[in-house]
Amino acid sequence: MTTEAADIRKPTLGYDYEFDAERLDRIAACTAEHGFCIAKEVLSPAMVDVLRREVWRVVDPDRALGAGESRTWHAWFDEATEAWGLLDDSRFMNLPRALLGTGEICINRSAAIIRRPGSAAVGWHTDWRGQTDDPPRNAGEVLNRGSWPSGIWFYLTGSRPTHGGLCVIEDSNHADWAGPEGFRLTADRYSFVPGGAAEGERYEGFDIPGLVPLFTDPGDCILFADRTFHGAFPNREERARLSCGVGFRKRSDLIDAPWELPAPARAFVEALPERHKRYVDGYTGIDLSFGSAG
Ligand SMILES: O=C(O)CCC(=O)C(=O)O
Ligand SMILES: [Fe+2]
């Protein structure tokens, strides 16, 4: 496969992975079987505008990010007051309900990312942190140990290889997946490296068997499973790449977070309208100062 982003075309796989957002059965089945799918036109153009504005306002209010830089803002949704309407949007909310198999869900975590033109690739990794039962060493190990989807993301300026788009490895969501052919999983099973290579930095190449570059429009939702391995291309376009995601888990999957509810999370829980309070029953917020980075 060529690794020139501009030459990479949308692949034809042996199965469908793009569905109308109402095809919840297909969406859940594809994510369970292949580890990912795309729900089409989840957001109205007006909601795309709202979310773009809220990503800028919360993540980089002074437009201080320089060329080549990127910034990830954890618990973005806590502060993104204008985006809370997502919780009223059944076209969106039915997606996590379908993946989790229940309507009894709460917010697990959220984030928004800005990647300015020239920003670097994101090396291959899984967000899942259930490889061990050892006491959690950081917030990711607290919040990403269960079998809830790691990804429910809007790429608000579209996902495509030239624009820092997301890519996944198909079928890498299965517990017995041992890495792409020609690669091996790292000892912690967070990532993989080429056959004979030493473990070190995350691998950032795009010449990987099973790689699926995702092409989406701004209102589409990218869904991926708890363990799915993914990476992102560098942003080679003139425009900043904007994305945001809100992840949910079953309310019955309790998390006993080793931190006090952080102030933005407390303010969020208090300010949410009564009809939305069930989505924060069990919400922990995130305290990135807990443990080591990650
Ligand atoms: O920026 C992206 O497209 C992917 C980011 C990601 O995978 C992560 O932050 O865990
Ligand atoms: Fe990730």
# chains A, B, ... in the order shown; residues from 1 in each chain; ligands from 1
$ residues_near_ligand --ligand "ligand 1" --cutoff "10 Å" --atoms "only C-alpha atoms and all ligand atoms" --output "ChimeraX atom specification"
/A:70-74,111-115,120-128,140,150-151,153-155,159,163-168,229-235,241-244,294
$ select_by_dssp --residues "range 48-264 of chain A" --states "alpha helix (DSSP H)" --output "PDB file with N, CA and C atoms, in the first residue's frame"
ATOM      1  N   VAL A  48     -23.197  20.646  13.779  1.00  0.00           N
ATOM      2  CA  VAL A  48     -21.759  20.613  13.460  1.00  0.00           C
ATOM      3  C   VAL A  48     -21.141  21.972  13.777  1.00  0.00           C
ATOM      4  N   ASP A  49     -21.839  23.047  13.394  1.00  0.00           N
ATOM      5  CA  ASP A  49     -21.326  24.402  13.681  1.00  0.00           C
ATOM      6  C   ASP A  49     -21.211  24.639  15.181  1.00  0.00           C
ATOM      7  N   VAL A  50     -22.230  24.218  15.922  1.00  0.00           N
ATOM      8  CA  VAL A  50     -22.207  24.402  17.381  1.00  0.00           C
ATOM      9  C   VAL A  50     -20.994  23.667  17.972  1.00  0.00           C
ATOM     10  N   LEU A  51     -20.810  22.429  17.567  1.00  0.00           N
ATOM     11  CA  LEU A  51     -19.704  21.644  18.140  1.00  0.00           C
ATOM     12  C   LEU A  51     -18.351  22.224  17.748  1.00  0.00           C
ATOM     13  N   ARG A  52     -18.220  22.667  16.515  1.00  0.00           N
ATOM     14  CA  ARG A  52     -16.944  23.307  16.111  1.00  0.00           C
ATOM     15  C   ARG A  52     -16.647  24.512  16.988  1.00  0.00           C
ATOM     16  N   ARG A  53     -17.676  25.339  17.192  1.00  0.00           N
ATOM     17  CA  ARG A  53     -17.484  26.535  18.032  1.00  0.00           C
ATOM     18  C   ARG A  53     -17.085  26.146  19.445  1.00  0.00           C
ATOM     19  N   GLU A  54     -17.743  25.110  19.986  1.00  0.00           N
ATOM     20  CA  GLU A  54     -17.459  24.696  21.359  1.00  0.00           C
ATOM     21  C   GLU A  54     -16.088  24.049  21.488  1.00  0.00           C
ATOM     22  N   VAL A  55     -15.613  23.393  20.442  1.00  0.00           N
ATOM     23  CA  VAL A  55     -14.247  22.850  20.486  1.00  0.00           C
ATOM     24  C   VAL A  55     -13.255  24.016  20.566  1.00  0.00           C
ATOM     25  N   TRP A  56     -13.415  25.003  19.709  1.00  0.00           N
ATOM     26  CA  TRP A  56     -12.492  26.155  19.764  1.00  0.00           C
ATOM     27  C   TRP A  56     -12.585  26.882  21.096  1.00  0.00           C
ATOM     28  N   ARG A  57     -13.821  27.143  21.548  1.00  0.00           N
ATOM     29  CA  ARG A  57     -14.021  27.970  22.746  1.00  0.00           C
ATOM     30  C   ARG A  57     -13.396  27.317  23.974  1.00  0.00           C
ATOM     31  N   VAL A  58     -13.538  25.999  24.091  1.00  0.00           N
ATOM     32  CA  VAL A  58     -13.041  25.318  25.291  1.00  0.00           C
ATOM     33  C   VAL A  58     -11.549  24.964  25.153  1.00  0.00           C
ATOM     34  N   VAL A  59     -11.144  24.536  23.991  1.00  0.00           N
ATOM     35  CA  VAL A  59      -9.785  23.986  23.848  1.00  0.00           C
ATOM     36  C   VAL A  59      -8.746  25.064  23.566  1.00  0.00           C
ATOM     37  N   TRP A  76     -13.899  17.547  27.904  1.00  0.00           N
ATOM     38  CA  TRP A  76     -14.373  18.703  27.139  1.00  0.00           C
ATOM     39  C   TRP A  76     -15.862  18.967  27.344  1.00  0.00           C
ATOM     40  N   PHE A  77     -16.640  17.902  27.394  1.00  0.00           N
ATOM     41  CA  PHE A  77     -18.102  18.056  27.442  1.00  0.00           C
ATOM     42  C   PHE A  77     -18.543  18.786  28.714  1.00  0.00           C
ATOM     43  N   ASP A  78     -17.787  18.636  29.807  1.00  0.00           N
ATOM     44  CA  ASP A  78     -18.129  19.329  31.059  1.00  0.00           C
ATOM     45  C   ASP A  78     -18.308  20.826  30.805  1.00  0.00           C
ATOM     46  N   GLU A  79     -17.421  21.379  30.008  1.00  0.00           N
ATOM     47  CA  GLU A  79     -17.404  22.827  29.788  1.00  0.00           C
ATOM     48  C   GLU A  79     -18.121  23.267  28.519  1.00  0.00           C
ATOM     49  N   SER A  90     -31.758  11.935  19.822  1.00  0.00           N
ATOM     50  CA  SER A  90     -31.854  10.463  19.852  1.00  0.00           C
ATOM     51  C   SER A  90     -31.061   9.826  18.708  1.00  0.00           C
ATOM     52  N   ARG A  91     -30.887  10.546  17.610  1.00  0.00           N
ATOM     53  CA  ARG A  91     -30.087   9.979  16.518  1.00  0.00           C
ATOM     54  C   ARG A  91     -28.652   9.706  17.002  1.00  0.00           C
ATOM     55  N   PHE A  92     -28.165  10.576  17.894  1.00  0.00           N
ATOM     56  CA  PHE A  92     -26.847  10.340  18.491  1.00  0.00           C
ATOM     57  C   PHE A  92     -26.941   9.362  19.670  1.00  0.00           C
ATOM     58  N   MET A  93     -27.823   9.631  20.599  1.00  0.00           N
ATOM     59  CA  MET A  93     -27.856   8.848  21.837  1.00  0.00           C
ATOM     60  C   MET A  93     -28.172   7.376  21.598  1.00  0.00           C
ATOM     61  N   ASN A  94     -28.882   7.085  20.510  1.00  0.00           N
ATOM     62  CA  ASN A  94     -29.175   5.672  20.236  1.00  0.00           C
ATOM     63  C   ASN A  94     -27.919   4.881  19.848  1.00  0.00           C
ATOM     64  N   LEU A  95     -26.863   5.589  19.460  1.00  0.00           N
ATOM     65  CA  LEU A  95     -25.631   4.878  19.075  1.00  0.00           C
ATOM     66  C   LEU A  95     -24.975   4.229  20.290  1.00  0.00           C
ATOM     67  N   PRO A  96     -24.634   4.994  21.346  1.00  0.00           N
ATOM     68  CA  PRO A  96     -24.087   4.318  22.523  1.00  0.00           C
ATOM     69  C   PRO A  96     -25.060   3.317  23.129  1.00  0.00           C
ATOM     70  N   ARG A  97     -26.353   3.619  23.095  1.00  0.00           N
ATOM     71  CA  ARG A  97     -27.328   2.650  23.631  1.00  0.00           C
ATOM     72  C   ARG A  97     -27.242   1.330  22.861  1.00  0.00           C
ATOM     73  N   ALA A  98     -27.115   1.436  21.539  1.00  0.00           N
ATOM     74  CA  ALA A  98     -27.059   0.208  20.724  1.00  0.00           C
ATOM     75  C   ALA A  98     -25.771  -0.563  20.999  1.00  0.00           C
ATOM     76  N   LEU A  99     -24.653   0.157  21.111  1.00  0.00           N
ATOM     77  CA  LEU A  99     -23.383  -0.553  21.331  1.00  0.00           C
ATOM     78  C   LEU A  99     -23.345  -1.182  22.717  1.00  0.00           C
ATOM     79  N   LEU A 100     -23.982  -0.529  23.679  1.00  0.00           N
ATOM     80  CA  LEU A 100     -23.938  -1.040  25.056  1.00  0.00           C
ATOM     81  C   LEU A 100     -25.093  -1.986  25.347  1.00  0.00           C
ATOM     82  N   ALA A 139      -5.198   7.982  35.046  1.00  0.00           N
ATOM     83  CA  ALA A 139      -6.642   8.115  34.813  1.00  0.00           C
ATOM     84  C   ALA A 139      -7.131   7.185  33.705  1.00  0.00           C
ATOM     85  N   GLY A 140      -6.303   6.989  32.668  1.00  0.00           N
ATOM     86  CA  GLY A 140      -6.700   6.096  31.588  1.00  0.00           C
ATOM     87  C   GLY A 140      -6.926   4.675  32.096  1.00  0.00           C
ATOM     88  N   GLU A 141      -6.102   4.268  33.039  1.00  0.00           N
ATOM     89  CA  GLU A 141      -6.242   2.910  33.575  1.00  0.00           C
ATOM     90  C   GLU A 141      -7.451   2.789  34.500  1.00  0.00           C
ATOM     91  N   VAL A 142      -7.954   3.919  34.960  1.00  0.00           N
ATOM     92  CA  VAL A 142      -9.194   3.898  35.737  1.00  0.00           C
ATOM     93  C   VAL A 142     -10.408   3.829  34.801  1.00  0.00           C
ATOM     94  N   LEU A 143     -10.372   4.623  33.727  1.00  0.00           N
ATOM     95  CA  LEU A 143     -11.580   4.835  32.914  1.00  0.00           C
ATOM     96  C   LEU A 143     -11.686   3.934  31.687  1.00  0.00           C
ATOM     97  N   ALA A 263     -13.612  20.024  39.923  1.00  0.00           N
ATOM     98  CA  ALA A 263     -14.517  21.185  39.911  1.00  0.00           C
ATOM     99  C   ALA A 263     -15.316  21.319  38.611  1.00  0.00           C
ATOM    100  N   PRO A 264     -14.700  21.183  37.422  1.00  0.00           N
ATOM    101  CA  PRO A 264     -15.518  21.333  36.205  1.00  0.00           C
ATOM    102  C   PRO A 264     -16.586  20.244  36.102  1.00  0.00           C
TER     103      PRO A 264
END
$ residues_around --residues "His174 in chain A" --least-positions-apart "3" --cutoff "12 Å" --atoms "only C-alpha atoms" --output "list of chain:residue names"
A:Thr31, A:Ala32, A:Glu33, A:His34, A:Gly35, A:Phe36, A:Thr126, A:Trp128, A:Ser147, A:Ile169, A:Glu170, A:Asp171, A:Trp177, A:Ala178, A:Gly179, A:Ala225, A:Asp226, A:Arg227, A:Thr228, A:Phe229
$ closest_residue --among "A:Glu69, A:Pro213, A:Ala75, A:Leu223" --to "Pro262 in chain A" --atoms "only C-alpha atoms"
A:Ala75
$ closest_residue --among "A:Gly130, A:Gly14, A:Gly291, A:Pro180" --to "Ile208 in chain A" --atoms "only C-alpha atoms"
A:Pro180
$ closest_atom_pairs --of "range 83-153 of chain A" --to "range 265-282 of chain A" --cutoff "8 Å" --atoms "only C-alpha atoms" --output "CSV"
residue,atom,partner,partner_atom,distance
A:Leu87,CA,A:His276,CA,7.0
A:Ile105,CA,A:Tyr279,CA,6.3
A:Cys106,CA,A:Tyr279,CA,4.1
A:Ile107,CA,A:Tyr279,CA,5.7
$ closest_residue --among "A:Arg202, A:Arg63, A:Arg137, A:Arg160" --to "ligand 2" --atoms "only C-alpha atoms and all ligand atoms"
A:Arg202
$ atom_distance --atom1 "CA of Ala83 in chain A" --atom2 "CA of Ile286 in chain A"
18.6 Å
$ residues_around --residues "Cys30 in chain A" --least-positions-apart "6" --cutoff "9 Å" --atoms "only C-alpha atoms" --output "number ranges by chain"
A: 15-17, 36-37
$ atom_distance --atom1 "CA of Arg109 in chain A" --atom2 "CA of Ala257 in chain A"
12.4 Å
$ select_by_dssp --residues "range 62-268 of chain A" --states "strand (DSSP E)" --output "ChimeraX atom specification"
/A:70-74,105-115,122-126,151-155,166-169,183-185,192-194,211-213,221-224,229-232,241-250
$ closest_residue --among "A:Gly205, A:Pro194, A:Gly101, A:Pro149" --to "ligand 2" --atoms "only C-alpha atoms and all ligand atoms"
A:Pro149
